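Quick look at protein18.pdb (PDB, C-alpha atoms):
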```pdb
ATOM      1  CA  MET A 250      42.244  -2.997  20.640
ATOM      2  CA  LYS A 251      45.554  -4.127  19.123
ATOM      3  CA  LEU A 252      45.822  -7.344  17.227
ATOM      4  CA  PRO A 253      48.947  -9.334  17.937
ATOM      5  CA  LEU A 254      51.230  -9.769  14.915
ATOM      6  CA  SER A 255      50.741 -13.554  14.888
ATOM      7  CA  GLY A 256      46.973 -13.035  14.590
ATOM      8  CA  LEU A 257      47.327 -10.373  11.905
ATOM      9  CA  CYS A 258      49.477 -12.473   9.563
ATOM     10  CA  PRO A 259      46.816 -15.093   8.669
ATOM     11  CA  ILE A 260      44.244 -12.329   8.091
ATOM     12  CA  LEU A 261      46.634 -10.408   5.827
ATOM     13  CA  LEU A 262      47.623 -13.574   3.989
ATOM     14  CA  SER A 263      44.031 -14.637   3.376
ATOM     15  CA  THR A 264      43.134 -11.084   2.249
ATOM     16  CA  VAL A 265      46.032 -11.077  -0.229
ATOM     17  CA  MET A 266      44.999 -14.554  -1.483
ATOM     18  CA  CYS A 267      41.381 -13.463  -1.897
ATOM     19  CA  VAL A 268      42.364 -10.258  -3.726
ATOM     20  CA  THR A 269      44.713 -12.199  -6.004
ATOM     21  CA  PHE A 270      42.066 -14.765  -6.933
ATOM     22  CA  PHE A 271      39.110 -12.354  -7.157
ATOM     23  CA  GLY A 272      37.078 -13.126 -10.275
ATOM     24  CA  CYS A 273      39.373 -15.931 -11.363
ATOM     25  CA  ASN A 274      38.252 -18.674 -13.752
ATOM     26  CA  VAL A 275      40.322 -21.700 -14.585
ATOM     27  CA  ALA A 276      38.975 -24.164 -17.131
ATOM     28  CA  ARG A 277      40.235 -27.073 -19.137
ATOM     29  CA  ILE A 278      38.776 -29.080 -22.017
ATOM     30  CA  THR A 279      40.223 -32.409 -23.073
ATOM     31  CA  LEU A 280      39.217 -34.582 -26.023
ATOM     32  CA  ASN A 281      40.223 -38.223 -25.673
ATOM     33  CA  THR A 282      43.222 -39.388 -23.672
ATOM     34  CA  PRO A 283      46.506 -38.032 -25.052
ATOM     35  CA  LEU A 284      48.843 -40.711 -26.430
ATOM     36  CA  THR A 285      52.526 -40.679 -25.562
ATOM     37  CA  GLN A 286      55.584 -42.174 -27.253
ATOM     38  CA  ASP A 287      55.478 -44.989 -24.679
ATOM     39  CA  ASP A 288      51.892 -45.865 -25.661
ATOM     40  CA  VAL A 289      52.897 -46.367 -29.294
ATOM     41  CA  ALA A 290      56.319 -47.930 -28.723
ATOM     42  CA  PHE A 291      54.937 -51.394 -29.555
ATOM     43  CA  ILE A 292      54.330 -50.426 -33.207
ATOM     44  CA  VAL A 293      56.967 -51.810 -35.573
ATOM     45  CA  PRO A 294      56.590 -50.690 -39.206
ATOM     46  CA  GLY A 295      56.426 -53.695 -41.529
ATOM     47  CA  GLN A 296      55.200 -56.031 -38.748
ATOM     48  CA  THR A 297      52.383 -54.496 -36.723
ATOM     49  CA  THR A 298      48.915 -54.887 -38.202
ATOM     50  CA  LEU A 299      45.745 -52.857 -37.830
ATOM     51  CA  ALA A 300      44.354 -55.540 -35.492
ATOM     52  CA  ASP A 301      47.397 -55.158 -33.179
ATOM     53  CA  VAL A 302      46.966 -51.387 -33.103
ATOM     54  CA  ILE A 303      43.255 -51.615 -32.314
ATOM     55  CA  THR A 304      43.888 -54.138 -29.540
ATOM     56  CA  LYS A 305      46.228 -51.679 -27.802
ATOM     57  CA  LEU A 306      44.852 -48.249 -28.723
ATOM     58  CA  GLY A 307      41.203 -48.916 -29.549
ATOM     59  CA  SER A 308      39.487 -47.837 -32.724
ATOM     60  CA  PRO A 309      40.803 -44.726 -34.470
ATOM     61  CA  ASP A 310      38.840 -41.509 -34.884
ATOM     62  CA  SER A 311      39.052 -41.714 -38.645
ATOM     63  CA  ILE A 312      40.109 -44.004 -41.474
ATOM     64  CA  THR A 313      40.946 -42.464 -44.828
ATOM     65  CA  ASP A 314      42.352 -43.645 -48.112
ATOM     66  CA  SER A 315      45.432 -42.230 -49.763
ATOM     67  CA  HIS A 316      47.517 -43.019 -52.855
ATOM     68  CA  ARG A 317      50.142 -44.706 -50.673
ATOM     69  CA  GLY A 318      47.833 -46.728 -48.464
ATOM     70  CA  ILE A 319      45.303 -46.393 -45.682
ATOM     71  CA  VAL A 320      45.616 -43.773 -42.973
ATOM     72  CA  THR A 321      44.150 -44.089 -39.481
ATOM     73  CA  THR A 322      44.137 -41.095 -37.147
ATOM     74  CA  TYR A 323      43.847 -40.857 -33.378
ATOM     75  CA  ARG A 324      43.043 -37.288 -32.318
ATOM     76  CA  PHE A 325      43.405 -35.664 -28.925
ATOM     77  CA  HIS A 326      43.092 -32.057 -27.836
ATOM     78  CA  ASP A 327      43.878 -30.248 -24.614
ATOM     79  CA  MET A 328      42.642 -26.700 -24.124
ATOM     80  CA  THR A 329      43.398 -24.539 -21.111
ATOM     81  CA  TYR A 330      41.749 -21.263 -20.239
ATOM     82  CA  SER A 331      42.394 -18.839 -17.400
ATOM     83  CA  ARG A 332      40.816 -15.486 -16.716
ATOM     84  CA  VAL A 333      41.084 -12.814 -14.043
ATOM     85  CA  ASN A 334      38.620  -9.960 -13.638
ATOM     86  CA  PHE A 335      40.281  -7.187 -11.640
ATOM     87  CA  GLY A 336      37.017  -5.224 -11.833
ATOM     88  CA  TRP A 337      35.761  -7.400  -8.985
ATOM     89  CA  LEU A 338      37.982  -5.423  -6.636
ATOM     90  CA  LEU A 339      35.837  -2.300  -7.179
ATOM     91  CA  ARG A 340      32.414  -3.966  -7.007
ATOM     92  CA  PRO A 341      31.773  -3.276  -3.294
ATOM     93  CA  TRP A 342      32.310   0.458  -3.854
ATOM     94  CA  SER A 343      31.006   0.945  -7.380
ATOM     95  CA  PRO A 344      27.374   1.493  -8.461
ATOM     96  CA  VAL A 345      28.110  -0.360 -11.717
ATOM     97  CA  ASP A 346      29.874  -3.656 -12.330
ATOM     98  CA  PRO A 347      33.237  -2.641 -13.725
ATOM     99  CA  ASP A 348      35.276  -5.167 -15.705
ATOM    100  CA  LEU A 349      39.007  -5.259 -16.240
ATOM    101  CA  ILE A 350      39.610  -8.698 -17.630
ATOM    102  CA  ILE A 351      42.727 -10.426 -18.759
ATOM    103  CA  SER A 352      42.508 -13.958 -20.088
ATOM    104  CA  ARG A 353      44.405 -16.413 -22.173
ATOM    105  CA  THR A 354      43.489 -19.645 -23.943
ATOM    106  CA  GLY A 355      45.961 -22.314 -24.979
ATOM    107  CA  PHE A 356      44.804 -24.893 -27.492
ATOM    108  CA  GLY A 357      46.954 -27.976 -27.812
ATOM    109  CA  ALA A 358      45.942 -30.132 -30.758
ATOM    110  CA  ASP A 359      47.669 -33.330 -31.670
ATOM    111  CA  ALA A 360      47.017 -36.505 -33.597
ATOM    112  CA  PHE A 361      48.736 -39.815 -34.086
ATOM    113  CA  GLU A 362      48.664 -41.023 -37.669
ATOM    114  CA  LEU A 363      49.436 -44.461 -39.033
ATOM    115  CA  LEU A 364      49.883 -45.416 -42.676
ATOM    116  CA  TYR A 365      49.077 -49.006 -43.694
ATOM    117  CA  ASP A 366      49.673 -50.954 -46.882
ATOM    118  CA  SER A 367      46.852 -52.821 -48.673
ATOM    119  CA  ASP A 368      47.289 -55.791 -46.270
ATOM    120  CA  TRP A 369      46.660 -53.524 -43.248
ATOM    121  CA  VAL A 370      50.294 -53.662 -42.076
ATOM    122  CA  VAL A 371      51.766 -50.456 -40.650
ATOM    123  CA  THR A 372      54.314 -48.828 -42.938
ATOM    124  CA  HIS A 373      54.723 -45.430 -41.253
ATOM    125  CA  GLN A 374      53.659 -43.792 -38.021
ATOM    126  CA  SER A 375      53.983 -40.286 -36.667
ATOM    127  CA  PHE A 376      52.582 -37.730 -34.282
ATOM    128  CA  LEU A 377      51.136 -34.779 -36.137
ATOM    129  CA  ARG A 378      52.416 -32.161 -33.730
ATOM    130  CA  HIS A 379      53.064 -32.379 -30.047
ATOM    131  CA  LEU A 380      50.784 -30.794 -27.515
ATOM    132  CA  SER A 381      52.096 -27.656 -25.939
ATOM    133  CA  GLY A 382      52.337 -28.059 -22.182
ATOM    134  CA  SER A 383      49.189 -27.192 -20.315
ATOM    135  CA  ARG A 384      49.809 -23.823 -18.701
ATOM    136  CA  PHE A 385      47.325 -21.691 -16.872
ATOM    137  CA  ASN A 386      48.669 -18.220 -17.395
ATOM    138  CA  PRO A 387      46.088 -15.454 -17.839
ATOM    139  CA  TYR A 388      48.698 -12.859 -18.838
ATOM    140  CA  PRO A 389      48.000 -12.200 -22.540
ATOM    141  CA  PHE A 390      50.815  -9.788 -23.399
TER     142      PHE A 390
ATOM    143  CA  MET B  27      12.909 -43.520  15.041
ATOM    144  CA  LEU B  28      13.437 -39.882  15.955
ATOM    145  CA  PHE B  29      17.203 -40.419  15.896
ATOM    146  CA  VAL B  30      17.034 -41.856  12.357
ATOM    147  CA  LYS B  31      15.004 -38.870  11.151
ATOM    148  CA  GLN B  32      17.484 -36.439  12.737
ATOM    149  CA  LEU B  33      20.401 -38.311  11.206
ATOM    150  CA  ALA B  34      18.762 -38.256   7.769
ATOM    151  CA  SER B  35      18.119 -34.525   8.100
ATOM    152  CA  ILE B  36      21.749 -33.901   9.093
ATOM    153  CA  ILE B  37      23.002 -35.965   6.120
ATOM    154  CA  ILE B  38      20.735 -34.067   3.693
ATOM    155  CA  VAL B  39      21.844 -30.689   5.060
ATOM    156  CA  LEU B  40      25.511 -31.726   4.933
ATOM    157  CA  ALA B  41      25.123 -32.978   1.348
ATOM    158  CA  LEU B  42      23.473 -29.699   0.327
ATOM    159  CA  ILE B  43      26.257 -27.687   1.972
ATOM    160  CA  LEU B  44      28.989 -29.793   0.351
ATOM    161  CA  LEU B  45      27.394 -29.709  -3.114
ATOM    162  CA  GLN B  46      26.700 -25.981  -3.008
ATOM    163  CA  GLY B  47      28.592 -24.239  -5.767
ATOM    164  CA  CYS B  48      28.959 -27.427  -7.815
ATOM    165  CA  ALA B  49      27.724 -27.787 -11.371
ATOM    166  CA  PHE B  50      27.362 -30.969 -13.385
ATOM    167  CA  ASN B  51      26.739 -30.828 -17.130
ATOM    168  CA  ARG B  52      26.548 -33.517 -19.740
ATOM    169  CA  GLY B  53      26.206 -33.520 -23.490
ATOM    170  CA  THR B  54      25.973 -36.348 -26.006
ATOM    171  CA  LEU B  55      26.098 -36.473 -29.777
ATOM    172  CA  GLY B  56      24.632 -39.465 -31.572
ATOM    173  CA  ASP B  57      22.888 -42.591 -30.372
ATOM    174  CA  ASP B  58      24.472 -45.196 -28.163
ATOM    175  CA  ILE B  59      26.156 -47.956 -30.193
ATOM    176  CA  ARG B  60      24.506 -51.057 -28.759
ATOM    177  CA  PRO B  61      27.091 -53.769 -27.879
ATOM    178  CA  GLU B  62      24.597 -56.563 -28.715
ATOM    179  CA  ALA B  63      24.164 -55.132 -32.222
ATOM    180  CA  VAL B  64      27.939 -55.036 -32.702
ATOM    181  CA  ALA B  65      28.250 -58.594 -31.366
ATOM    182  CA  ALA B  66      25.619 -59.756 -33.853
ATOM    183  CA  ILE B  67      27.808 -58.724 -36.795
ATOM    184  CA  LYS B  68      29.837 -61.735 -37.944
ATOM    185  CA  LYS B  69      32.869 -61.463 -40.191
ATOM    186  CA  THR B  70      32.491 -63.121 -43.635
ATOM    187  CA  ALA B  71      28.783 -63.780 -42.937
ATOM    188  CA  THR B  72      26.800 -60.617 -42.189
ATOM    189  CA  THR B  73      25.612 -58.663 -45.218
ATOM    190  CA  LYS B  74      25.408 -54.913 -45.778
ATOM    191  CA  ALA B  75      21.590 -55.035 -45.489
ATOM    192  CA  GLU B  76      21.832 -56.825 -42.140
ATOM    193  CA  VAL B  77      24.308 -54.229 -40.848
ATOM    194  CA  LEU B  78      21.910 -51.478 -41.856
ATOM    195  CA  SER B  79      18.996 -53.175 -40.115
ATOM    196  CA  LEU B  80      21.057 -53.703 -36.947
ATOM    197  CA  LEU B  81      22.697 -50.282 -36.689
ATOM    198  CA  GLY B  82      20.807 -48.038 -39.076
ATOM    199  CA  ALA B  83      22.409 -45.787 -41.653
ATOM    200  CA  PRO B  84      26.052 -44.961 -40.932
ATOM    201  CA  ASP B  85      27.184 -41.515 -39.816
ATOM    202  CA  ARG B  86      29.860 -41.615 -42.512
ATOM    203  CA  LEU B  87      30.342 -43.762 -45.580
ATOM    204  CA  LEU B  88      33.982 -44.112 -46.597
ATOM    205  CA  GLN B  89      35.838 -45.736 -49.462
ATOM    206  CA  VAL B  90      39.026 -47.315 -48.161
ATOM    207  CA  ASN B  91      41.332 -49.722 -49.958
ATOM    208  CA  GLY B  92      38.617 -50.416 -52.532
ATOM    209  CA  ARG B  93      36.085 -51.320 -49.854
ATOM    210  CA  ASP B  94      33.075 -49.598 -48.356
ATOM    211  CA  VAL B  95      33.476 -48.643 -44.713
ATOM    212  CA  PHE B  96      30.517 -47.710 -42.529
ATOM    213  CA  GLN B  97      31.472 -45.438 -39.638
ATOM    214  CA  TYR B  98      29.228 -44.986 -36.605
ATOM    215  CA  TYR B  99      30.202 -42.637 -33.815
ATOM    216  CA  ARG B 100      28.908 -41.209 -30.581
ATOM    217  CA  TYR B 101      30.411 -38.430 -28.456
ATOM    218  CA  ASP B 102      29.924 -38.020 -24.725
ATOM    219  CA  ALA B 103      31.001 -34.940 -22.761
ATOM    220  CA  LYS B 104      30.977 -34.485 -19.000
ATOM    221  CA  ALA B 105      31.722 -31.176 -17.328
ATOM    222  CA  GLY B 106      32.212 -30.476 -13.669
ATOM    223  CA  SER B 107      32.503 -26.993 -12.170
ATOM    224  CA  LEU B 108      33.370 -25.753  -8.726
ATOM    225  CA  LEU B 109      31.951 -22.252  -8.332
ATOM    226  CA  LEU B 110      33.669 -20.795  -5.306
ATOM    227  CA  ILE B 111      32.608 -17.162  -5.960
ATOM    228  CA  ILE B 112      36.105 -15.693  -5.980
ATOM    229  CA  ILE B 113      37.613 -18.506  -8.051
ATOM    230  CA  ASN B 114      35.939 -21.025 -10.331
ATOM    231  CA  PHE B 115      37.339 -24.318 -11.572
ATOM    232  CA  SER B 116      35.880 -26.157 -14.558
ATOM    233  CA  ARG B 117      36.817 -29.205 -16.518
ATOM    234  CA  LEU B 118      35.180 -30.654 -19.604
ATOM    235  CA  SER B 119      36.134 -34.148 -20.761
ATOM    236  CA  ILE B 120      35.041 -35.450 -24.154
ATOM    237  CA  LYS B 121      35.408 -38.988 -25.440
ATOM    238  CA  SER B 122      34.011 -40.874 -28.399
ATOM    239  CA  ASP B 123      32.819 -44.359 -29.266
ATOM    240  CA  ASP B 124      33.678 -45.339 -32.832
ATOM    241  CA  LEU B 125      32.602 -48.303 -34.877
ATOM    242  CA  PHE B 126      33.928 -49.102 -38.350
ATOM    243  CA  VAL B 127      32.371 -51.890 -40.420
ATOM    244  CA  ILE B 128      34.496 -52.827 -43.428
ATOM    245  CA  LEU B 129      32.599 -54.461 -46.293
ATOM    246  CA  ASN B 130      34.150 -56.340 -49.197
ATOM    247  CA  HIS B 131      33.189 -56.026 -52.868
ATOM    248  CA  GLU B 132      30.294 -58.480 -52.414
ATOM    249  CA  GLY B 133      28.818 -56.427 -49.607
ATOM    250  CA  ILE B 134      29.812 -58.937 -46.885
ATOM    251  CA  VAL B 135      31.427 -57.780 -43.627
ATOM    252  CA  GLU B 136      35.177 -58.236 -43.800
ATOM    253  CA  ASP B 137      36.153 -56.642 -40.487
ATOM    254  CA  VAL B 138      34.627 -54.826 -37.527
ATOM    255  CA  ILE B 139      36.622 -52.235 -35.583
ATOM    256  CA  SER B 140      35.072 -50.856 -32.435
ATOM    257  CA  SER B 141      35.982 -49.383 -29.094
ATOM    258  CA  LYS B 142      34.038 -47.821 -26.278
ATOM    259  CA  ARG B 143      36.088 -45.018 -24.797
ATOM    260  CA  THR B 144      33.157 -43.373 -23.044
ATOM    261  CA  ASP B 145      32.917 -46.144 -20.430
ATOM    262  CA  GLY B 146      35.753 -44.593 -18.454
ATOM    263  CA  LEU B 147      34.478 -41.033 -18.730
ATOM    264  CA  GLU B 148      34.029 -39.334 -15.351
ATOM    265  CA  PHE B 149      33.002 -35.951 -14.045
ATOM    266  CA  ARG B 150      36.162 -34.049 -13.151
ATOM    267  CA  PHE B 151      36.464 -30.654 -11.512
ATOM    268  CA  TRP B 152      40.174 -30.120 -10.992
ATOM    269  CA  PRO B 153      41.707 -28.687 -14.190
ATOM    270  CA  PHE B 154      45.323 -29.252 -13.223
ATOM    271  CA  GLY B 155      47.370 -32.397 -13.709
ATOM    272  CA  GLU B 156      46.240 -35.255 -15.939
TER     273      GLU B 156
END
```

Could you write out this structure as structure tokens?
Amino acid sequence: MKLPLSGLCPILLSTVMCVTFFGCNVARITLNTPLTQDDVAFIVPGQTTLADVITKLGSPDSITDSHRGIVTTYRFHDMTYSRVNFGWLLRPWSPVDPDLIISRTGFGADAFELLYDSDWVVTHQSFLRHLSGSRFNPYPF
Amino acid sequence: MLFVKQLASIIIVLALILLQGCAFNRGTLGDDIRPEAVAAIKKTATTKAEVLSLLGAPDRLLQVNGRDVFQYYRYDAKAGSLLLIIINFSRLSIKSDDLFVILNHEGIVEDVISSKRTDGLEFRFWPFGE
């Protein structure tokens, strides 16, 4: 019996999709909601107080003392992980479970820090380091 | 009556089919910070001893700007997974509730800083996008 070409295409396409995604894992871990420049645009050094910051951003993750004032820190992390196990392709024909795994993890860590004077007025503000874009790419080389 | 029983059976079977391959996980660190305890703390009135009786010992004790700061925190994590045999999607979201009680030199509450981020925490499965 011959399958018509139009009927064969979806079968081939789904087979290719299944083979491509065999043994795939995609995971993501986020800590707190990332802050953007727009979220902190309201802060004016010399004017904005700790109370103003807390009203807009909530309480910080940490408060520490320094020689030049008080530091509050808002932390947020974004981790992506993707993994493909090509060994899955051989499982139907192999007596053992073979593994050929490639995976990659990207860890984006950032924090927003504010420095206050002794009257709790913001004097400086800065992002620690910007998050790298979330990419799901299992290719490790 | 028979129709209702059949309908209920169909709904249960459909729910089981739809939830097959799903995983829900949750983890917490620390006790819940009770809102009524936080509300009971009054600036310039509540003492250090009263704070301790309301909230217990702090998770961290800090010295900031010449004042004692009690920090209380709680972490909540929710993870959702879609296990579709050939491809699995997982997402873990973590948020924290933080409470800072700033005490002056006399041991009286000067300021209370709190926020409850975990209220908006949801189970999410899709790892892409926001």

| query | Evaluating the PyMOL selection byres ((chain B and resi 36-50) around 7) on the displayed file yields which residues, as a PyMOL selection string? | reply | chain B and resi 32-35+51-52+105-110

Check every residue of chain A for an atom within 9 Å of chain B, counting only C-alpha atoms, and provide those that qualify as number ranges by chain. A: 267-268, 270-282, 300, 303, 306-315, 318-319, 329, 333, 337, 366-367, 383-385

Protein/DNA/RNA residues near (35.2, 2.3, -10.1), cut 7 Å, only C-alpha atoms, as a compact mmCIF listing (two decimals) with C-alpha atoms, in the frame of the given file:
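Written out: result-v1.txt:
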```txt
# COMPACT_ATOMS: atom_id res chain seq x y z
CA LEU A 339 35.84 -2.30 -7.18
CA SER A 343 31.01 0.94 -7.38
CA PRO A 347 33.24 -2.64 -13.72
```

Selection result of the PyMOL selection byres ((chain A and resi 336) around 8) on this file, as a ChimeraX atom specification: /A:334-335,337-340,346-350

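For the residues A:Val293, A:Met328, A:Leu284, A:Val345, ranking by smallest atom-to-atom distance to Phe361 of chain A using only C-alpha atoms places A:Leu284 first.
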
Just the number, please: distance in Å from atom CA of Arg100 of chain B to atom CA of Gly56 of chain B, one decimal.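 Separation between atom CA of Arg100 of chain B and atom CA of Gly56 of chain B: 4.7 Å.
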
- Could you work out how far atom CA of Asp85 of chain B lies from atom CA of Leu55 of chain B, giving the answer in Å with one decimal?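 Taking atom CA of Leu55 of chain B and atom CA of Asp85 of chain B, their separation equals 11.3 Å.
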
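We find atom CA of Ala63 of chain B and atom CA of Thr297 of chain A to be spaced 28.6 Å apart.
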
- [ ] Kindly resolve the PyMOL selection byres ((chain A and resi 390) around 12) on the present coordinates and return the residues as a list of chain:residue names.
- [x]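 Matching residues under the PyMOL selection byres ((chain A and resi 390) around 12) are A:Ile351, A:Ser352, A:Arg353, A:Asn386, A:Pro387, A:Tyr388, A:Pro389.
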
Expected file contents, prior selection, C-alpha atoms, as an mmCIF file, in the coordinates of the input:
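The result, stored in result-v2.cif:
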```
data_model
loop_
_atom_site.group_PDB
_atom_site.id
_atom_site.type_symbol
_atom_site.label_atom_id
_atom_site.label_comp_id
_atom_site.auth_asym_id
_atom_site.auth_seq_id
_atom_site.Cartn_x
_atom_site.Cartn_y
_atom_site.Cartn_z
ATOM 1 C CA ILE A 351 42.727 -10.426 -18.759
ATOM 2 C CA SER A 352 42.508 -13.958 -20.088
ATOM 3 C CA ARG A 353 44.405 -16.413 -22.173
ATOM 4 C CA ASN A 386 48.669 -18.220 -17.395
ATOM 5 C CA PRO A 387 46.088 -15.454 -17.839
ATOM 6 C CA TYR A 388 48.698 -12.859 -18.838
ATOM 7 C CA PRO A 389 48.000 -12.200 -22.540
#
```

**Message:** Please list as a list in words every residue within 8 Å of segment 67-80 of chain B, counting only C-alpha atoms and excluding residues in the same chain fewer than 2 positions away.
**Reply:**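 Near segment 67-80 of chain B, the qualifying residues are Ala63, Val64, Ala65, Gly82, Ala83, Pro84, Leu129, Gly133, Ile134, Val135, Glu136, Asp137 and Val138 of chain B.
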
Would you compute, for all listed atoms of segment 107-120 of chain B, the axis-aligned bounding box grown by 6 Å on each side, and then report its centre and edge lengths in Å rounded to one decimal, as AutoDock Vina command-line options?
```
--center_x 34.8 --center_y -25.6 --center_z -14.7 --size_x 17.7 --size_y 31.8 --size_z 30.8
```

#### Entry: Test item: which residues lie within 10 Å of (49.9, -47.2, -39.9) counting all atoms listed in the file, as an MDAnalysis selection string
chainID A and resid 292:295 297:299 302 318:322 361:366 369:375

Missing atoms in segment 67-81 of chain B should be modelled up to N, CA and C atoms and reported as a PDB file, keeping the file's coordinate frame.
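Below you can see rebuild_5.pdb, which holds the result:
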```
ATOM      1  N   ILE B  67      27.171 -58.815 -35.474  1.00  0.00           N
ATOM      2  CA  ILE B  67      27.808 -58.724 -36.795  1.00  0.00           C
ATOM      3  C   ILE B  67      28.945 -59.752 -36.874  1.00  0.00           C
ATOM      4  N   LYS B  68      28.835 -60.671 -37.790  1.00  0.00           N
ATOM      5  CA  LYS B  68      29.837 -61.735 -37.944  1.00  0.00           C
ATOM      6  C   LYS B  68      30.658 -61.510 -39.213  1.00  0.00           C
ATOM      7  N   LYS B  69      31.973 -61.614 -39.044  1.00  0.00           N
ATOM      8  CA  LYS B  69      32.869 -61.463 -40.191  1.00  0.00           C
ATOM      9  C   LYS B  69      32.603 -62.568 -41.197  1.00  0.00           C
ATOM     10  N   THR B  70      32.689 -62.229 -42.473  1.00  0.00           N
ATOM     11  CA  THR B  70      32.491 -63.121 -43.635  1.00  0.00           C
ATOM     12  C   THR B  70      31.076 -63.712 -43.723  1.00  0.00           C
ATOM     13  N   ALA B  71      30.143 -63.226 -42.899  1.00  0.00           N
ATOM     14  CA  ALA B  71      28.783 -63.780 -42.937  1.00  0.00           C
ATOM     15  C   ALA B  71      27.718 -62.689 -43.039  1.00  0.00           C
ATOM     16  N   THR B  72      27.836 -61.652 -42.226  1.00  0.00           N
ATOM     17  CA  THR B  72      26.800 -60.617 -42.189  1.00  0.00           C
ATOM     18  C   THR B  72      26.855 -59.767 -43.466  1.00  0.00           C
ATOM     19  N   THR B  73      25.687 -59.463 -43.988  1.00  0.00           N
ATOM     20  CA  THR B  73      25.612 -58.663 -45.218  1.00  0.00           C
ATOM     21  C   THR B  73      25.411 -57.173 -44.889  1.00  0.00           C
ATOM     22  N   LYS B  74      25.583 -56.370 -45.919  1.00  0.00           N
ATOM     23  CA  LYS B  74      25.408 -54.913 -45.778  1.00  0.00           C
ATOM     24  C   LYS B  74      23.979 -54.587 -45.304  1.00  0.00           C
ATOM     25  N   ALA B  75      22.993 -55.284 -45.869  1.00  0.00           N
ATOM     26  CA  ALA B  75      21.590 -55.035 -45.489  1.00  0.00           C
ATOM     27  C   ALA B  75      21.358 -55.359 -44.019  1.00  0.00           C
ATOM     28  N   GLU B  76      21.989 -56.441 -43.551  1.00  0.00           N
ATOM     29  CA  GLU B  76      21.832 -56.825 -42.140  1.00  0.00           C
ATOM     30  C   GLU B  76      22.484 -55.799 -41.212  1.00  0.00           C
ATOM     31  N   VAL B  77      23.632 -55.271 -41.641  1.00  0.00           N
ATOM     32  CA  VAL B  77      24.308 -54.229 -40.848  1.00  0.00           C
ATOM     33  C   VAL B  77      23.408 -53.008 -40.736  1.00  0.00           C
ATOM     34  N   LEU B  78      22.794 -52.650 -41.853  1.00  0.00           N
ATOM     35  CA  LEU B  78      21.910 -51.478 -41.856  1.00  0.00           C
ATOM     36  C   LEU B  78      20.681 -51.693 -40.970  1.00  0.00           C
ATOM     37  N   SER B  79      20.173 -52.918 -40.961  1.00  0.00           N
ATOM     38  CA  SER B  79      18.996 -53.175 -40.115  1.00  0.00           C
ATOM     39  C   SER B  79      19.385 -53.220 -38.633  1.00  0.00           C
ATOM     40  N   LEU B  80      20.607 -53.637 -38.348  1.00  0.00           N
ATOM     41  CA  LEU B  80      21.057 -53.703 -36.947  1.00  0.00           C
ATOM     42  C   LEU B  80      21.415 -52.324 -36.396  1.00  0.00           C
ATOM     43  N   LEU B  81      22.130 -51.544 -37.199  1.00  0.00           N
ATOM     44  CA  LEU B  81      22.697 -50.282 -36.689  1.00  0.00           C
ATOM     45  C   LEU B  81      22.100 -49.023 -37.323  1.00  0.00           C
TER      46      LEU B  81
END
```
